[in-house]
Amino acid sequence: MGDVILYDTTLRDGTQRAGIHLTLADKVRLARRLDAFGIPYVEGGWPGSNPKDAAFFRALQDQPLERARLVAFTSTRRPGRRVQDDPALTAALDAATPAVCVVGKAWDRHVTVALGTTLAENLAMVRETVAFLKEHGREVIFDAEHFFDGFAANPDYALAVLAAADAAGADWLVLCDTNGGSLPEAIARAVRAAAAGVRAPLGIHCHDDAGLAVANSLAAVAAGCRMVQGTVNGYGERCGNANLLTVAANLELKMGRRCLPPGALAGLTALSRFVSEVANLPHREEAPYVGANAFTHKAGIHVSALLKEPALYEHVEPARVGNGRRVLVSELSGRANLRYVLGSDLDEPALARLLERIKELENQGYQFEGAEGTLALLAWEARQGVPEARQAVGRPGAAEGIVPPGSGPDADGGAPPDRPGAPGKGSGADPAAPPGRDTRDRRQAATAGVAAGIPFVVEAYRVTAAHESGVGSRAEATVKVRVGGRVIHTAAEGNGPVNALDAALRKALGEAYPNLGRVRLVDYKVRVLEGDAGTGARVRVLVECTDGQARWGTVGVSTNIVEASCQALADGLCCYLLGLHAAAAPPAAPDAAPALDPHAASPVGPDGAPSAGPDATQSTNLDDAPPAGPDPAPAVGREGSDAPQPADRGGAPPNALEGAPPAGLHVASPTASGAGPSHLADPRPTAAESYGSDAAGSPGRASGPTPGAAGRPA
Ligand SMILES: [Zn+2]
């Protein structure tokens, strides 16, 4: 079984997808990335068709690709014209590429109807064009357009077209399923028939109109094709082309055919995300191998089995393609999900309570997919035995309508608001909210939380928003925040209520936690949960913060958008101060360098301990903890790390348990290196050897993965 040659046409066929617009700079960037990844043929465009493609080839003449053969695309000469007089062929030669791909008609009906010429003239066009390009020293790849439809309609003519290109010296004969409607068996049959009559090696070029482009490409390889043309992420006209990345992974992992240089396979996910980013298209998270959902598990029964042996619910080890395993926690979850995500240091009763809490919160509109930061905080509270500690204000089922933010702190720092059952007044009141625990319980929980090391508790706030003609809109927020033994009142202005609240919170916390200055809000989303409730609907606010490295999401829910925002903002800051942010980061690092050794991507070190990675900085350990004291000391970044000092100074440190993962979430966080930092921390056996369908040998152990970027692109 010889190697299979990959041929990328993202820059030509891929750009025919609706919604893609690549600039010249984009095209150059993508070509270099494909080159670096190890794709042997990169088709750059059709220099005769537009000035941008001509400029692209000029740009690459100055700085050629390092490994890949650059290909210019063109078509056979026009009917009735001499090859040397055809401007498209001249442009293809002017591109000065080592290889030229020339497309010619292989379906008789296309020749007579679309082209409007005779079958004999078409054969002459093919023969003369190939010969002309060969005379000019080019490697010639002949794409037989509509070959499979042509073979079905008039096999003798389709084969005659191939024979004409072959006799003229074509280096490759590529059979195209241009309309994308063929079935694998028909593809295989036609490939075998073609192979019987020609000298040049065959290639395959499939479109996905029947959802079979990858299957057809693999069937063609099995039947004898040695080149596969496709596009990254399957971009292409109509339903797209064969996804070259899916093809590559299947060839390497399922068919035992090498098509990538050593090391490249583990960069597959990163390449896919890079191309999505440059194409400015949302990454397709359900894509095989490279989507974030490809190894994401949600059902409790799946996760339970996964813990025993990952291969029970995964067809390959995710690290082999640079992806990572994720386990979601939701109302569909069982304890296995929680145990997987949160590690093994929660006892059964605590796990059960946490699961109940999550289900209760989801019932109220919370959702933790994308809000792993809030989930990490819930788990932290469960670990510390201080449930709901950080939420003196506004959490559903507890304080909504009980400590209305409208009854918040006086400007002079007067007594804390304590007006149980005073809904309807102020921005935080929710008359419809169910009665919750009384305020005293909330206070006690908050006090216990502070004692356990929670960085701060928002006890109250007040927000006013105003608009004045000629002045515009402005907002002012006052907050009352408990930090250790101190209560801090501050006020701040902003251009809107959420902005003012954010500013006031940071101002209140700035003295104790100067490192909060590193944290920025980078995304803010509002989802209306009860569409028919109009402006009185409950909303879910999802915010995403970054410290310049990791990104983490947190969530708040309320009928009051300011209240929901306050919850999410406070969770975001709290998550960072507790050092839970890095592990709570969602997956995906788009543009990191591929790992050096793709077949050595096991995430766990030789002794079963987590390999060193970015997330190692957030592990909480007694040795690292600051000395206990009455007031929380201002957080200081740990040496060699931007991670804040954990405020944890009570209860057992999460890492004190043997083999336990670092504190916080273990949501897989794949990086380009194939060394997703979070799943590196998985203390369970990888069971890599048990992935049965692996045709390319068992993966080795990671000898020292290059940590990828912790964050994901903006
Ligand atoms: Zn095509």
# chains A, B, ... in the order shown; residues from 1 in each chain; ligands from 1

$ residues_near_ligand --ligand "ligand 1" --cutoff "7 Å" --atoms "only C-alpha atoms and all ligand atoms" --output "list in words"
Asp13, Thr178, His205, Cys206, His207 and Asn241 of chain A

$ write_last_selection --atoms "N, CA and C atoms" --output "CSV table (one decimal), in the first residue's frame"
chain,number,residue,atom,x,y,z
A,13,ASP,N,-11.3,25.9,-5.7
A,13,ASP,CA,-12.7,25.3,-5.6
A,13,ASP,C,-13.3,25.8,-4.3
A,178,THR,N,-18.1,15.8,-10.5
A,178,THR,CA,-18.3,17.3,-10.5
A,178,THR,C,-19.7,17.6,-9.9
A,205,HIS,N,-11.6,13.5,-7.4
A,205,HIS,CA,-12.0,14.9,-7.0
A,205,HIS,C,-13.6,14.8,-6.9
A,206,CYS,N,-14.0,14.9,-5.6
A,206,CYS,CA,-15.4,14.7,-5.4
A,206,CYS,C,-16.1,15.9,-4.8
A,207,HIS,N,-17.4,16.1,-5.1
A,207,HIS,CA,-18.2,17.1,-4.5
A,207,HIS,C,-19.2,16.3,-3.6
A,241,ASN,N,-16.9,20.5,-1.3
A,241,ASN,CA,-16.0,19.5,-1.8
A,241,ASN,C,-15.7,18.4,-0.8

$ select_by_dssp --residues "region 257-370 of chain A" --states "strand (DSSP E or B)" --output "PyMOL selection string"
chain A and resi 296-297+326-327

$ closest_residue --among "A:Gly494, A:Pro288, A:Gly373, A:Gly484" --to "Ala582 (chain A)" --atoms "only C-alpha atoms"
A:Gly373

$ select_by_dssp --residues "region 439-593 of chain A" --states "alpha helix (DSSP H)" --output "JSON, numbers by chain"
{"A": [439, 440, 441, 442, 443, 444, 445, 446, 447, 448, 449, 450, 451, 452, 497, 498, 499, 500, 501, 502, 503, 504, 505, 506, 507, 508, 509, 510, 561, 562, 563, 564, 565, 566, 567, 568, 569, 570, 571, 572, 573, 574, 575, 576, 577]}

$ residues_around --residues "Leu218 (chain A)" --least-positions-apart "6" --cutoff "12 Å" --atoms "only C-alpha atoms" --output "VMD selection string"
chain A and resid 4 183 to 185 187 to 188 191 203 to 206 212 224 to 230 242 to 244 246 to 252 254 to 257

$ atom_distance --atom1 "CA of Leu516 (chain A)" --atom2 "CA of Asp345 (chain A)"
28.4 Å

$ residues_around --residues "Arg33 (chain A)" --least-positions-apart "2" --cutoff "12 Å" --atoms "only C-alpha atoms" --output "PyMOL selection string"
chain A and resi 8+10-11+26-31+35-40+42+65-68+232+264+267-268+270-275+278+590-594

$ closest_residue --among "A:Cys101, A:Ala477, A:Val83, A:Leu328" --to "Thr9 (chain A)" --atoms "only C-alpha atoms"
A:Cys101

$ residues_around --residues "Tyr313 (chain A)" --least-positions-apart "5" --cutoff "8 Å" --atoms "only C-alpha atoms" --output "JSON, numbers by chain"
{"A": [302, 305, 306]}

$ write_last_selection --atoms "C-alpha atoms" --output "mmCIF file, in the first residue's frame"
data_model
loop_
_atom_site.group_PDB
_atom_site.id
_atom_site.type_symbol
_atom_site.label_atom_id
_atom_site.label_comp_id
_atom_site.auth_asym_id
_atom_site.auth_seq_id
_atom_site.Cartn_x
_atom_site.Cartn_y
_atom_site.Cartn_z
ATOM 1 C CA HIS A 302 -21.888 7.519 27.979
ATOM 2 C CA ALA A 305 -18.692 4.045 30.369
ATOM 3 C CA LEU A 306 -16.080 6.488 29.087
#

$ atom_distance --atom1 "CA of Gly181 (chain A)" --atom2 "CA of Gly150 (chain A)"
12.4 Å

$ residues_around --residues "Ala190 (chain A)" --least-positions-apart "5" --cutoff "12 Å" --atoms "only C-alpha atoms" --output "NGL selection string"
:A and (146-156 or 158-159 or 175-177 or 182-185 or 195-197 or 202 or 204 or 216 or 219-220 or 223-225)

$ residues_around --residues "Ala168 (chain A)" --least-positions-apart "5" --cutoff "9 Å" --atoms "only C-alpha atoms" --output "ChimeraX atom specification"
/A:126-132,134,163

$ atom_distance --atom1 "CA of Arg551 (chain A)" --atom2 "CA of Gln364 (chain A)"
25.3 Å
